[in-house]
$ cat coords-v7.cif   # mmCIF, C-alpha atoms and all ligand atoms
data_query
loop_
_atom_site.label_atom_id
_atom_site.label_comp_id
_atom_site.auth_asym_id
_atom_site.auth_seq_id
_atom_site.Cartn_x
_atom_site.Cartn_y
_atom_site.Cartn_z
CA MET A 1173 -57.50 19.80 -36.92
CA SER A 1174 -58.69 18.88 -33.45
CA ASP A 1175 -59.43 15.29 -34.35
CA THR A 1176 -55.93 14.64 -35.69
CA VAL A 1177 -54.31 12.07 -33.41
CA ILE A 1178 -51.07 11.43 -35.25
CA ARG A 1179 -49.12 13.95 -37.25
CA VAL A 1180 -45.86 13.00 -38.87
CA GLU A 1181 -43.64 15.46 -40.69
CA ASN A 1182 -40.65 14.61 -42.86
CA LEU A 1183 -39.90 11.50 -40.92
CA GLY A 1184 -36.70 9.68 -41.80
CA LYS A 1185 -34.79 6.76 -40.39
CA LYS A 1186 -31.23 6.04 -41.39
CA TYR A 1187 -29.39 2.83 -40.66
CA ILE A 1188 -25.70 2.30 -41.07
CA ILE A 1189 -25.16 -1.07 -42.64
CA GLY A 1190 -21.95 -2.97 -43.21
CA HIS A 1191 -21.36 -4.72 -46.48
CA GLN A 1192 -20.43 -7.90 -44.68
CA GLN A 1193 -23.73 -7.92 -42.89
CA GLN A 1194 -25.78 -10.86 -44.06
CA GLU A 1195 -27.96 -11.25 -41.02
CA ARG A 1196 -31.16 -9.32 -41.35
CA TYR A 1197 -33.05 -8.14 -38.34
CA THR A 1198 -35.52 -10.59 -36.90
CA ALA A 1199 -39.20 -10.23 -37.54
CA LEU A 1200 -41.74 -11.87 -35.30
CA ARG A 1201 -43.09 -14.12 -38.02
CA ASP A 1202 -39.56 -15.33 -38.87
CA VAL A 1203 -38.93 -16.18 -35.26
CA ILE A 1204 -42.16 -18.11 -35.17
CA ALA A 1205 -41.31 -19.82 -38.45
CA ASN A 1206 -38.00 -20.83 -36.97
CA GLY A 1207 -39.52 -22.16 -33.78
CA ALA A 1208 -39.75 -20.62 -30.37
CA LYS A 1209 -36.06 -20.90 -29.61
CA GLY A 1210 -34.39 -17.57 -29.44
CA LEU A 1211 -37.77 -15.93 -29.15
CA LEU A 1212 -36.71 -13.61 -26.42
CA LYS A 1213 -33.12 -13.12 -27.35
CA PRO A 1214 -32.10 -9.56 -28.10
CA PHE A 1215 -32.14 -8.66 -31.76
CA GLN A 1216 -29.03 -8.75 -33.84
CA SER A 1217 -27.41 -5.41 -33.85
CA GLY A 1218 -27.42 -3.81 -37.25
CA LYS A 1219 -23.71 -3.09 -37.03
CA SER A 1220 -21.23 -4.80 -39.23
CA LYS A 1221 -18.20 -6.58 -37.90
CA THR A 1222 -16.02 -4.79 -40.40
CA GLN A 1223 -16.20 -1.31 -39.04
CA ASN A 1224 -14.63 0.53 -41.95
CA ASN A 1225 -16.87 -0.86 -44.66
CA TYR A 1226 -20.27 0.67 -44.08
CA GLU A 1227 -22.99 2.40 -45.92
CA GLU A 1228 -25.86 4.70 -45.02
CA PHE A 1229 -29.29 3.36 -45.72
CA TRP A 1230 -32.60 5.20 -45.38
CA ALA A 1231 -35.27 2.74 -44.27
CA LEU A 1232 -37.75 5.67 -44.21
CA LYS A 1233 -37.45 8.96 -46.02
CA ASP A 1234 -39.57 12.13 -46.10
CA VAL A 1235 -42.68 10.53 -44.67
CA SER A 1236 -45.48 12.95 -43.80
CA PHE A 1237 -49.11 12.26 -42.99
CA GLU A 1238 -51.95 12.95 -40.62
CA ILE A 1239 -54.18 10.37 -39.04
CA LYS A 1240 -57.54 11.29 -37.62
CA GLN A 1241 -59.27 9.82 -34.61
CA GLY A 1242 -61.02 6.61 -35.64
CA ASP A 1243 -58.99 6.08 -38.83
CA ARG A 1244 -58.15 2.44 -39.46
CA VAL A 1245 -55.04 2.57 -41.57
CA GLY A 1246 -53.70 -0.50 -43.36
CA ILE A 1247 -50.04 -0.24 -44.28
CA ILE A 1248 -48.97 -2.43 -47.15
CA GLY A 1249 -45.82 -2.80 -49.20
CA ARG A 1250 -43.15 -5.28 -50.13
CA ASN A 1251 -40.64 -6.84 -47.78
CA GLY A 1252 -38.21 -4.20 -46.65
CA ALA A 1253 -40.44 -1.28 -47.65
CA GLY A 1254 -40.18 0.27 -44.18
CA LYS A 1255 -43.54 -0.71 -42.67
CA SER A 1256 -42.18 -2.09 -39.41
CA THR A 1257 -39.71 0.77 -39.13
CA LEU A 1258 -42.58 3.24 -39.33
CA LEU A 1259 -44.59 1.42 -36.66
CA LYS A 1260 -41.55 1.14 -34.40
CA ILE A 1261 -40.95 4.87 -34.62
CA LEU A 1262 -44.60 5.66 -33.91
CA SER A 1263 -44.46 3.31 -30.91
CA ARG A 1264 -41.32 5.09 -29.69
CA ILE A 1265 -39.27 1.93 -29.82
CA THR A 1266 -36.87 3.42 -32.35
CA GLU A 1267 -35.84 7.05 -32.62
CA PRO A 1268 -36.25 8.70 -35.99
CA THR A 1269 -33.12 10.15 -37.57
CA GLN A 1270 -35.07 13.17 -38.71
CA GLY A 1271 -38.54 14.63 -38.70
CA ARG A 1272 -41.27 15.16 -36.15
CA ILE A 1273 -44.06 13.12 -34.68
CA ASN A 1274 -47.02 14.32 -32.66
CA ILE A 1275 -49.23 11.72 -31.07
CA LYS A 1276 -52.32 12.42 -29.02
CA GLY A 1277 -53.47 9.53 -26.88
CA ARG A 1278 -52.33 6.28 -25.37
CA VAL A 1279 -50.61 3.94 -27.79
CA ALA A 1280 -50.55 0.17 -27.42
CA SER A 1281 -48.48 -1.71 -29.91
CA LEU A 1282 -47.90 -5.27 -30.85
CA LEU A 1283 -44.72 -5.33 -32.83
CA GLU A 1284 -41.86 -7.74 -32.84
CA VAL A 1285 -41.05 -10.01 -29.98
CA GLY A 1286 -39.35 -8.58 -26.97
CA THR A 1287 -41.12 -5.27 -27.16
CA GLY A 1288 -43.29 -4.73 -24.15
CA PHE A 1289 -42.88 -8.10 -22.44
CA HIS A 1290 -40.22 -8.91 -19.92
CA PRO A 1291 -39.04 -12.53 -20.36
CA GLU A 1292 -38.31 -13.18 -16.68
CA LEU A 1293 -41.69 -11.94 -15.50
CA THR A 1294 -44.78 -14.13 -15.46
CA GLY A 1295 -47.79 -13.66 -17.71
CA ARG A 1296 -49.65 -12.04 -14.82
CA GLU A 1297 -46.81 -9.62 -14.04
CA ASN A 1298 -46.43 -8.69 -17.67
CA ILE A 1299 -50.11 -7.80 -17.96
CA PHE A 1300 -49.75 -5.39 -15.03
CA LEU A 1301 -46.46 -4.05 -16.34
CA ASN A 1302 -47.95 -3.29 -19.74
CA GLY A 1303 -51.02 -1.70 -18.23
CA ALA A 1304 -48.80 0.51 -16.09
CA ILE A 1305 -46.75 1.50 -19.14
CA LEU A 1306 -50.00 2.51 -20.80
CA GLY A 1307 -50.77 4.71 -17.83
CA MET A 1308 -53.61 2.63 -16.42
CA SER A 1309 -54.29 2.32 -12.72
CA LYS A 1310 -54.07 -1.03 -10.95
CA ALA A 1311 -57.83 -1.09 -10.53
CA GLU A 1312 -58.37 -0.48 -14.25
CA ILE A 1313 -56.01 -3.29 -15.17
CA LYS A 1314 -57.68 -5.63 -12.69
CA ARG A 1315 -61.01 -4.96 -14.33
CA LYS A 1316 -59.61 -6.01 -17.70
CA PHE A 1317 -57.48 -8.84 -16.38
CA ASP A 1318 -59.92 -11.75 -16.73
CA GLU A 1319 -60.91 -10.72 -20.22
CA ILE A 1320 -57.26 -10.65 -21.30
CA VAL A 1321 -56.51 -14.04 -19.81
CA ALA A 1322 -59.60 -15.58 -21.36
CA PHE A 1323 -58.83 -14.11 -24.77
CA ALA A 1324 -55.22 -15.31 -24.69
CA GLU A 1325 -56.20 -18.74 -23.34
CA VAL A 1326 -53.24 -18.83 -20.95
CA GLU A 1327 -55.03 -19.41 -17.62
CA LYS A 1328 -52.84 -22.35 -16.68
CA PHE A 1329 -49.61 -20.51 -17.35
CA LEU A 1330 -50.38 -17.19 -15.74
CA ASP A 1331 -47.68 -17.63 -13.12
CA THR A 1332 -45.05 -18.99 -15.49
CA PRO A 1333 -42.36 -16.61 -16.77
CA VAL A 1334 -43.21 -15.76 -20.36
CA LYS A 1335 -39.79 -16.96 -21.53
CA ARG A 1336 -41.18 -20.48 -20.97
CA TYR A 1337 -44.20 -19.82 -23.19
CA SER A 1338 -44.58 -21.42 -26.59
CA SER A 1339 -44.45 -18.90 -29.42
CA GLY A 1340 -48.21 -19.25 -29.92
CA MET A 1341 -48.98 -18.51 -26.26
CA TYR A 1342 -46.64 -15.58 -26.30
CA VAL A 1343 -48.29 -13.97 -29.29
CA ARG A 1344 -51.77 -14.64 -27.95
CA LEU A 1345 -50.99 -12.93 -24.69
CA ALA A 1346 -49.20 -10.05 -26.40
CA PHE A 1347 -52.17 -9.42 -28.67
CA ALA A 1348 -54.70 -9.77 -25.86
CA VAL A 1349 -52.83 -7.22 -23.76
CA ALA A 1350 -52.43 -4.70 -26.57
CA ALA A 1351 -56.06 -4.94 -27.66
CA HIS A 1352 -57.74 -4.99 -24.25
CA LEU A 1353 -55.94 -2.31 -22.33
CA GLU A 1354 -58.11 0.31 -23.99
CA PRO A 1355 -55.48 2.13 -25.95
CA GLU A 1356 -56.63 5.14 -27.92
CA ILE A 1357 -54.30 4.08 -30.71
CA LEU A 1358 -53.64 0.43 -31.49
CA ILE A 1359 -50.59 -0.42 -33.58
CA VAL A 1360 -50.28 -3.98 -34.85
CA ASP A 1361 -47.53 -5.36 -37.05
CA GLU A 1362 -48.35 -8.61 -38.79
CA VAL A 1363 -49.66 -10.44 -35.77
CA LEU A 1364 -51.96 -12.27 -38.11
CA ALA A 1365 -49.04 -13.91 -39.86
CA VAL A 1366 -48.56 -16.07 -36.79
CA GLY A 1367 -50.85 -18.18 -34.68
CA ASP A 1368 -53.47 -20.59 -35.90
CA ALA A 1369 -56.41 -19.70 -38.10
CA GLY A 1370 -58.85 -19.68 -35.18
CA PHE A 1371 -56.79 -17.22 -33.23
CA GLN A 1372 -56.30 -15.01 -36.29
CA LYS A 1373 -60.06 -14.81 -36.69
CA LYS A 1374 -60.42 -13.85 -33.07
CA CYS A 1375 -57.81 -11.11 -33.48
CA ILE A 1376 -59.53 -9.67 -36.52
CA GLY A 1377 -62.83 -9.70 -34.65
CA LYS A 1378 -61.26 -7.92 -31.71
CA MET A 1379 -59.66 -5.33 -33.96
CA GLU A 1380 -62.99 -4.71 -35.66
CA GLU A 1381 -64.51 -4.14 -32.24
CA VAL A 1382 -61.74 -1.74 -31.29
CA GLY A 1383 -62.29 0.08 -34.59
CA LYS A 1384 -66.04 0.34 -34.01
CA GLU A 1385 -65.38 1.96 -30.65
CA GLY A 1386 -63.87 4.80 -32.64
CA ARG A 1387 -60.30 4.04 -31.69
CA THR A 1388 -57.49 4.54 -34.15
CA ILE A 1389 -55.74 1.53 -35.64
CA LEU A 1390 -52.52 1.20 -37.63
CA PHE A 1391 -52.19 -2.24 -39.05
CA VAL A 1392 -49.47 -3.82 -41.17
CA SER A 1393 -50.33 -7.03 -42.97
CA HIS A 1394 -49.48 -8.94 -46.07
CA ASN A 1395 -53.01 -10.35 -45.99
CA LEU A 1396 -54.76 -7.93 -48.31
CA GLY A 1397 -58.16 -9.44 -47.66
CA VAL A 1398 -57.91 -8.66 -43.98
CA VAL A 1399 -56.58 -5.17 -44.66
CA GLN A 1400 -59.57 -4.48 -46.88
CA THR A 1401 -62.05 -5.76 -44.31
CA LEU A 1402 -60.55 -3.91 -41.41
CA CYS A 1403 -59.20 -0.64 -42.75
CA ASN A 1404 -60.86 2.41 -44.24
CA ARG A 1405 -57.61 3.93 -45.38
CA GLY A 1406 -54.37 2.53 -46.78
CA PHE A 1407 -50.76 3.55 -47.16
CA PHE A 1408 -48.67 1.94 -49.84
CA LEU A 1409 -45.07 2.07 -48.74
CA SER A 1410 -42.25 1.57 -51.19
CA GLN A 1411 -38.56 2.02 -50.50
CA GLY A 1412 -39.18 4.00 -47.37
CA THR A 1413 -41.72 6.46 -48.71
CA VAL A 1414 -45.51 6.60 -48.66
CA GLN A 1415 -46.31 6.31 -52.36
CA ILE A 1416 -50.07 6.29 -52.01
CA ASP A 1417 -52.40 7.35 -49.22
CA ASP A 1418 -55.98 6.64 -50.24
CA MET A 1419 -59.02 4.43 -49.75
CA THR A 1420 -57.95 0.87 -48.96
CA SER A 1421 -59.34 -0.64 -52.16
CA LYS A 1422 -57.39 1.80 -54.37
CA VAL A 1423 -54.19 1.21 -52.46
CA VAL A 1424 -54.58 -2.57 -52.69
CA THR A 1425 -55.24 -2.41 -56.43
CA HIS A 1426 -52.11 -0.36 -56.93
CA TYR A 1427 -50.03 -2.68 -54.79
CA LEU A 1428 -51.21 -5.71 -56.73
CA ALA A 1429 -50.30 -4.00 -59.99
CA THR A 1430 -46.76 -3.36 -58.74
CA LEU A 1431 -46.47 -6.99 -57.66
CA GLU A 1432 -47.50 -7.98 -61.13
CA SER A 1433 -44.93 -5.81 -62.81
CA SER A 1434 -42.13 -7.11 -60.61
CA ALA A 1435 -43.12 -10.70 -61.34
CA SER A 1436 -41.72 -10.16 -64.81
CA GLN A 1437 -38.41 -9.03 -63.33
CA ASN A 1438 -35.47 -11.40 -63.07
CA LEU A 1439 -36.06 -13.17 -59.77
CA LEU A 1440 -32.46 -13.11 -58.62
CA GLU A 1441 -32.27 -9.36 -59.07
CA ARG A 1442 -35.12 -8.77 -56.69
CA THR A 1443 -34.06 -7.43 -53.32
CA ASP A 1444 -37.52 -7.42 -51.74
CA ARG A 1445 -37.15 -10.84 -50.19
CA ARG A 1446 -36.78 -12.32 -46.76
CA GLY A 1447 -34.87 -15.24 -45.29
CA LYS A 1448 -31.39 -16.23 -44.33
CA GLY A 1449 -30.14 -16.60 -47.89
CA LEU A 1450 -28.20 -19.88 -47.82
CA LEU A 1451 -30.05 -20.48 -51.05
CA ARG A 1452 -32.23 -18.34 -53.28
CA LEU A 1453 -35.03 -18.86 -55.75
CA THR A 1454 -33.71 -18.06 -59.25
CA ALA A 1455 -36.64 -18.84 -61.54
CA ILE A 1456 -40.04 -20.48 -61.82
CA LYS A 1457 -41.15 -22.39 -64.88
CA ILE A 1458 -44.80 -23.23 -65.31
CA SER A 1459 -45.97 -25.63 -67.97
CA THR A 1460 -48.73 -28.00 -69.04
CA GLY A 1461 -49.55 -30.52 -71.74
CA ASP A 1462 -48.68 -34.20 -71.94
CA ASP A 1463 -44.96 -33.55 -72.00
CA TYR A 1464 -45.12 -30.15 -70.33
CA THR A 1465 -44.22 -28.25 -73.47
CA SER A 1466 -47.01 -25.70 -73.41
CA THR A 1467 -46.86 -22.76 -71.02
CA THR A 1468 -50.55 -21.79 -70.97
CA LEU A 1469 -52.36 -23.42 -68.08
CA SER A 1470 -56.02 -24.26 -68.34
CA THR A 1471 -58.65 -25.52 -65.96
CA GLY A 1472 -58.77 -29.29 -65.57
CA HIS A 1473 -55.47 -29.89 -67.35
CA PRO A 1474 -52.16 -30.96 -65.82
CA ALA A 1475 -49.91 -28.27 -64.41
CA ARG A 1476 -46.26 -28.37 -63.51
CA PHE A 1477 -44.42 -25.82 -61.40
CA VAL A 1478 -40.61 -25.96 -61.39
CA PHE A 1479 -38.77 -23.87 -58.80
CA TYR A 1480 -35.08 -23.35 -59.58
CA VAL A 1481 -32.71 -22.55 -56.74
CA THR A 1482 -29.12 -21.36 -56.55
CA ASN A 1483 -27.94 -24.50 -54.73
CA LEU A 1484 -29.21 -27.44 -52.74
CA ARG A 1485 -29.18 -27.61 -48.96
CA PRO A 1486 -30.09 -30.18 -46.31
CA ARG A 1487 -33.80 -30.55 -45.56
CA LEU A 1488 -34.79 -28.29 -48.43
CA SER A 1489 -38.48 -27.70 -48.85
CA CYS A 1490 -40.59 -25.43 -50.99
CA ILE A 1491 -43.85 -23.80 -49.96
CA PHE A 1492 -45.90 -21.83 -52.43
CA THR A 1493 -49.25 -20.10 -52.32
CA LEU A 1494 -51.48 -19.01 -55.16
CA TYR A 1495 -53.40 -15.77 -54.66
CA ASP A 1496 -56.31 -14.51 -56.69
CA GLN A 1497 -56.54 -11.09 -58.29
CA TYR A 1498 -57.95 -9.60 -55.09
CA GLY A 1499 -54.96 -10.75 -53.10
CA GLN A 1500 -56.83 -13.56 -51.33
CA PRO A 1501 -54.96 -16.82 -50.85
CA VAL A 1502 -56.51 -19.65 -52.87
CA ILE A 1503 -54.29 -22.64 -52.19
CA ASN A 1504 -51.01 -23.52 -50.53
CA PHE A 1505 -48.58 -26.33 -51.41
CA ASN A 1506 -45.86 -27.56 -49.07
CA SER A 1507 -43.24 -30.11 -50.10
CA ALA A 1508 -42.41 -30.83 -46.46
CA VAL A 1509 -45.82 -32.46 -46.06
CA ARG A 1510 -45.12 -35.77 -47.74
CA SER A 1511 -47.14 -38.34 -49.60
CA GLN A 1512 -46.15 -41.80 -50.81
CA GLU A 1513 -46.54 -40.53 -54.34
CA ASP A 1514 -43.67 -38.06 -53.95
CA ILE A 1515 -40.53 -38.96 -55.87
CA THR A 1516 -36.87 -38.19 -55.24
CA ASP A 1517 -34.84 -37.69 -58.38
CA PRO A 1518 -31.04 -37.44 -58.04
CA HIS A 1519 -30.77 -36.04 -61.59
CA ILE A 1520 -33.17 -33.17 -61.16
CA GLY A 1521 -30.45 -30.57 -60.53
CA ASN A 1522 -31.10 -27.43 -58.51
CA ALA A 1523 -34.84 -27.64 -58.76
CA ILE A 1524 -38.00 -28.69 -56.95
CA VAL A 1525 -41.00 -29.72 -59.00
CA CYS A 1526 -44.68 -29.79 -58.12
CA GLU A 1527 -47.02 -31.64 -60.48
CA LEU A 1528 -50.82 -31.55 -60.57
CA ASP A 1529 -52.83 -33.93 -62.71
CA GLU A 1530 -55.87 -31.66 -62.91
CA LEU A 1531 -55.64 -27.96 -62.18
CA GLY A 1532 -58.71 -27.12 -60.11
CA LEU A 1533 -58.57 -23.36 -60.64
CA LEU A 1534 -61.13 -21.28 -62.48
CA PRO A 1535 -59.90 -19.22 -65.40
CA GLY A 1536 -58.23 -16.03 -64.26
CA ARG A 1537 -55.01 -14.50 -63.13
CA TYR A 1538 -53.14 -15.72 -60.06
CA ARG A 1539 -49.98 -14.68 -58.29
CA ILE A 1540 -47.47 -16.98 -56.60
CA ASN A 1541 -45.63 -16.36 -53.35
CA VAL A 1542 -42.76 -18.74 -52.70
CA ALA A 1543 -40.85 -19.65 -49.54
CA LEU A 1544 -37.83 -21.93 -49.38
CA VAL A 1545 -36.84 -23.55 -46.12
CA SER A 1546 -33.64 -25.45 -45.44
CA ASP A 1547 -31.43 -26.25 -42.47
CA GLY A 1548 -34.54 -25.73 -40.35
CA GLU A 1549 -34.86 -22.05 -41.25
CA LEU A 1550 -36.54 -19.79 -43.76
CA GLN A 1551 -33.94 -19.14 -46.47
CA ASP A 1552 -35.83 -17.20 -49.11
CA ALA A 1553 -39.31 -15.76 -49.47
CA VAL A 1554 -40.50 -13.85 -52.52
CA GLU A 1555 -43.92 -12.30 -52.93
CA GLY A 1556 -45.43 -12.18 -56.37
CA ALA A 1557 -42.61 -14.32 -57.74
CA GLU A 1558 -44.67 -15.20 -60.80
CA ILE A 1559 -48.04 -14.48 -62.37
CA VAL A 1560 -50.08 -17.39 -63.68
CA ASP A 1561 -52.88 -17.06 -66.19
CA VAL A 1562 -55.35 -19.91 -66.29
CA GLU A 1563 -57.49 -20.31 -69.39
CA GLN A 1564 -60.92 -21.80 -69.69
CA GLY A 1565 -61.05 -25.59 -69.85
CA ASN A 1566 -63.05 -28.47 -68.56
CA LEU A 1567 -62.79 -30.83 -65.67
CA ARG A 1568 -63.31 -34.46 -66.74
CA GLY A 1569 -65.68 -33.43 -69.47
CA ARG A 1570 -67.60 -30.76 -67.57
CA PRO A 1571 -66.99 -27.27 -68.92
CA VAL A 1572 -65.76 -24.85 -66.28
CA LEU A 1573 -66.98 -21.36 -66.89
CA GLY A 1574 -65.17 -18.15 -66.11
CA ASN A 1575 -65.10 -16.67 -62.67
CA THR A 1576 -68.66 -16.23 -61.44
CA GLY A 1577 -67.75 -14.23 -58.37
CA TYR A 1578 -68.43 -17.24 -56.18
CA GLY A 1579 -64.99 -18.58 -55.41
CA ASN A 1580 -62.18 -19.54 -57.74
CA VAL A 1581 -61.67 -23.27 -57.43
CA CYS A 1582 -63.43 -26.16 -59.08
CA MET A 1583 -63.68 -29.81 -58.13
CA TYR A 1584 -64.50 -32.95 -59.99
CA HIS A 1585 -68.09 -33.79 -59.08
CA ARG A 1586 -71.28 -35.54 -60.15
CA TRP A 1587 -74.95 -34.64 -59.83
CA VAL A 1588 -77.84 -36.96 -59.12
CA LEU A 1589 -80.90 -35.47 -60.77
CA PRO A 1590 -84.59 -36.36 -60.75
CA ALA A 1591 -85.77 -37.97 -63.98
N1 LIG B 1 -31.93 -2.53 -37.14
C1 LIG B 1 -31.72 -2.44 -38.43
N2 LIG B 1 -30.48 -2.27 -38.94
C2 LIG B 1 -30.27 -2.18 -40.26
N3 LIG B 1 -31.23 -2.22 -41.19
C3 LIG B 1 -32.49 -2.40 -40.76
C4 LIG B 1 -32.80 -2.52 -39.36
N4 LIG B 1 -34.13 -2.67 -39.25
C5 LIG B 1 -34.62 -2.66 -40.51
N5 LIG B 1 -33.63 -2.49 -41.41
C6 LIG B 1 -33.78 -2.41 -42.87
O1 LIG B 1 -34.68 -1.36 -43.16
C7 LIG B 1 -35.53 -1.71 -44.26
C8 LIG B 1 -36.97 -1.59 -43.86
O2 LIG B 1 -37.23 -2.60 -42.91
P1 LIG B 1 -38.66 -2.86 -42.30
O3 LIG B 1 -38.52 -3.89 -41.27
O4 LIG B 1 -39.26 -1.58 -41.88
O5 LIG B 1 -39.44 -3.43 -43.56
P2 LIG B 1 -40.92 -4.01 -43.66
O6 LIG B 1 -41.66 -3.17 -44.64
O7 LIG B 1 -41.50 -4.15 -42.30
O8 LIG B 1 -40.65 -5.43 -44.32
P3 LIG B 1 -41.35 -6.86 -44.07
O9 LIG B 1 -42.56 -6.88 -44.95
O10 LIG B 1 -40.32 -7.84 -44.53
O11 LIG B 1 -41.66 -6.97 -42.60
C9 LIG B 1 -35.10 -3.10 -44.67
O12 LIG B 1 -34.22 -3.02 -45.76
C10 LIG B 1 -34.39 -3.66 -43.45
O13 LIG B 1 -33.43 -4.62 -43.80
MG MG B 2 -42.06 -5.79 -41.14
#
$ encode --input "coords-v7.cif" --output "structure tokens" --more "lines below"
Ligand SMILES: Nc1ncnc2c1ncn2[C@@H]1O[C@H](COP(=O)(O)OP(=O)(O)OP(=O)(O)O)[C@@H](O)[C@H]1O
Ligand SMILES: [Mg+2]
Amino acid sequence: MSDTVIRVENLGKKYIIGHQQQERYTALRDVIANGAKGLLKPFQSGKSKTQNNYEEFWALKDVSFEIKQGDRVGIIGRNGAGKSTLLKILSRITEPTQGRINIKGRVASLLEVGTGFHPELTGRENIFLNGAILGMSKAEIKRKFDEIVAFAEVEKFLDTPVKRYSSGMYVRLAFAVAAHLEPEILIVDEVLAVGDAGFQKKCIGKMEEVGKEGRTILFVSHNLGVVQTLCNRGFFLSQGTVQIDDMTSKVVTHYLATLESSASQNLLERTDRRGKGLLRLTAIKISTGDDYTSTTLSTGHPARFVFYVTNLRPRLSCIFTLYDQYGQPVINFNSAVRSQEDITDPHIGNAIVCELDELGLLPGRYRINVALVSDGELQDAVEGAEIVDVEQGNLRGRPVLGNTGYGNVCMYHRWVLPA
């Protein structure tokens, strides 16, 4: 009992939502995806303009758990499952509608933009402000100051108000502050979805360090690989409730299975999606063969992915990522990154097509996440939109064997051997 640092009983959070309300709340990664503008603007209020047409909505319901000192808890679940809501309540940024929370120890959290940092204050002032909020003395903060600045790589901009920071700088400083001010409990919501790969690696390293020091971590991420590396315990959240609380690997396996089952669902009926919604993904068709009549992909053969959308919009682009069965990203395609070989077809209808001459994937099962961007903003994002099975084949005459456990891509190559 004594080493319990967080106890949550029957926690619930109710929002009142209007039917007219289209605008979803803003998540940090969406703001980053949309560029730094508006980074520090207050969030959209959840209230509808039509006051009489509203509905109650439980973003969290009957959530109870205990977290022990040193637990590293990965929270996973679909878009809209309630992950950020839970972290916001634990960080005391949002009040719960019902239930009780007991927290023992200093909490530092890195949630959505705007929380913790004051836009008019400089980087330096914000570091001191955050330290003070955490209950640290000036001397303690001073001791940590250089480390924070070095980690965030913002030396030159220390005396610039953070509202002038680029989104990358902002996130770097926010993470550095949260991780270095020696919190007893570190709460991080999807920071790894933003920033470049180098910085992400640095963050994971820092969080591992914090974990090794025996501090408690609550971490939300869609990157299952990172969750598995970092966390010893997982929560699978679905529709506002904790469905599974177990070892990370078990929780991840379960989550992947649910993604798989929803991939067979009609795409338009899925509500677990993000984006502004000026257009939506309606279906994905995957085919192969000389005239794309067969639907079973195989290694080394052509592959064609057709993404159908509700309507066309200016500057429409499609980004999709294939994930392996462990939830690790394998490859990402982005139609906004152009090549001279790309074609525009006025007769294509409401569709975007991606064609590969030789599929360089080992046999196995893959999952596709899709994002559609238009009008300069994320319009639709669906996780596990489709499952792809790749059968054994060969790449330019060389047989490609099943998954050996050493990666899942293959490349055309040639050996030079001694006689
Ligand atoms: N301020 C708000 N007003 C109304 N509804 C909200 C508000 N904040 C969140 N919601 C809704 O509550 C539900 C849970 O949201 P939450 O942000 O916790 O999901 P999440 O699991 O973090 O999703 P994601 O993976 O997309 O970040 C969603 O349906 C969301 O639209
Ligand atoms: Mg969230």
$ closest_residue --input "coords-v7.cif" --among "A:Val1481, A:Leu1567, A:Ala1553, A:Ile1299" --to "ligand LIG 1 (chain B)" --atoms "only C-alpha atoms and all ligand atoms"
A:Ala1553
$ closest_residue --input "coords-v7.cif" --among "A:Thr1388, A:Thr1465, A:Thr1257, A:Asn1225" --to "ligand LIG 1 (chain B)" --atoms "all atoms listed in the file"
A:Thr1257
$ residues_near_point --input "coords-v7.cif" --point "(-40.6, 3.6, -50.0)" --cutoff "10 Å" --atoms "only C-alpha atoms" --output "MDAnalysis selection string"
chainID A and resid 1230:1235 1249:1250 1252:1255 1408:1415
$ atom_distance --input "coords-v7.cif" --atom1 "CA of Lys1260 (chain A)" --atom2 "CA of Lys1335 (chain A)"
22.3 Å
$ residues_around --input "coords-v7.cif" --residues "Lys1314 (chain A)" --least-positions-apart "4" --cutoff "10 Å" --atoms "all atoms listed in the file" --output "VMD selection string"
chain A and resid 1299 to 1300 1303 1308 to 1310 1318 to 1320
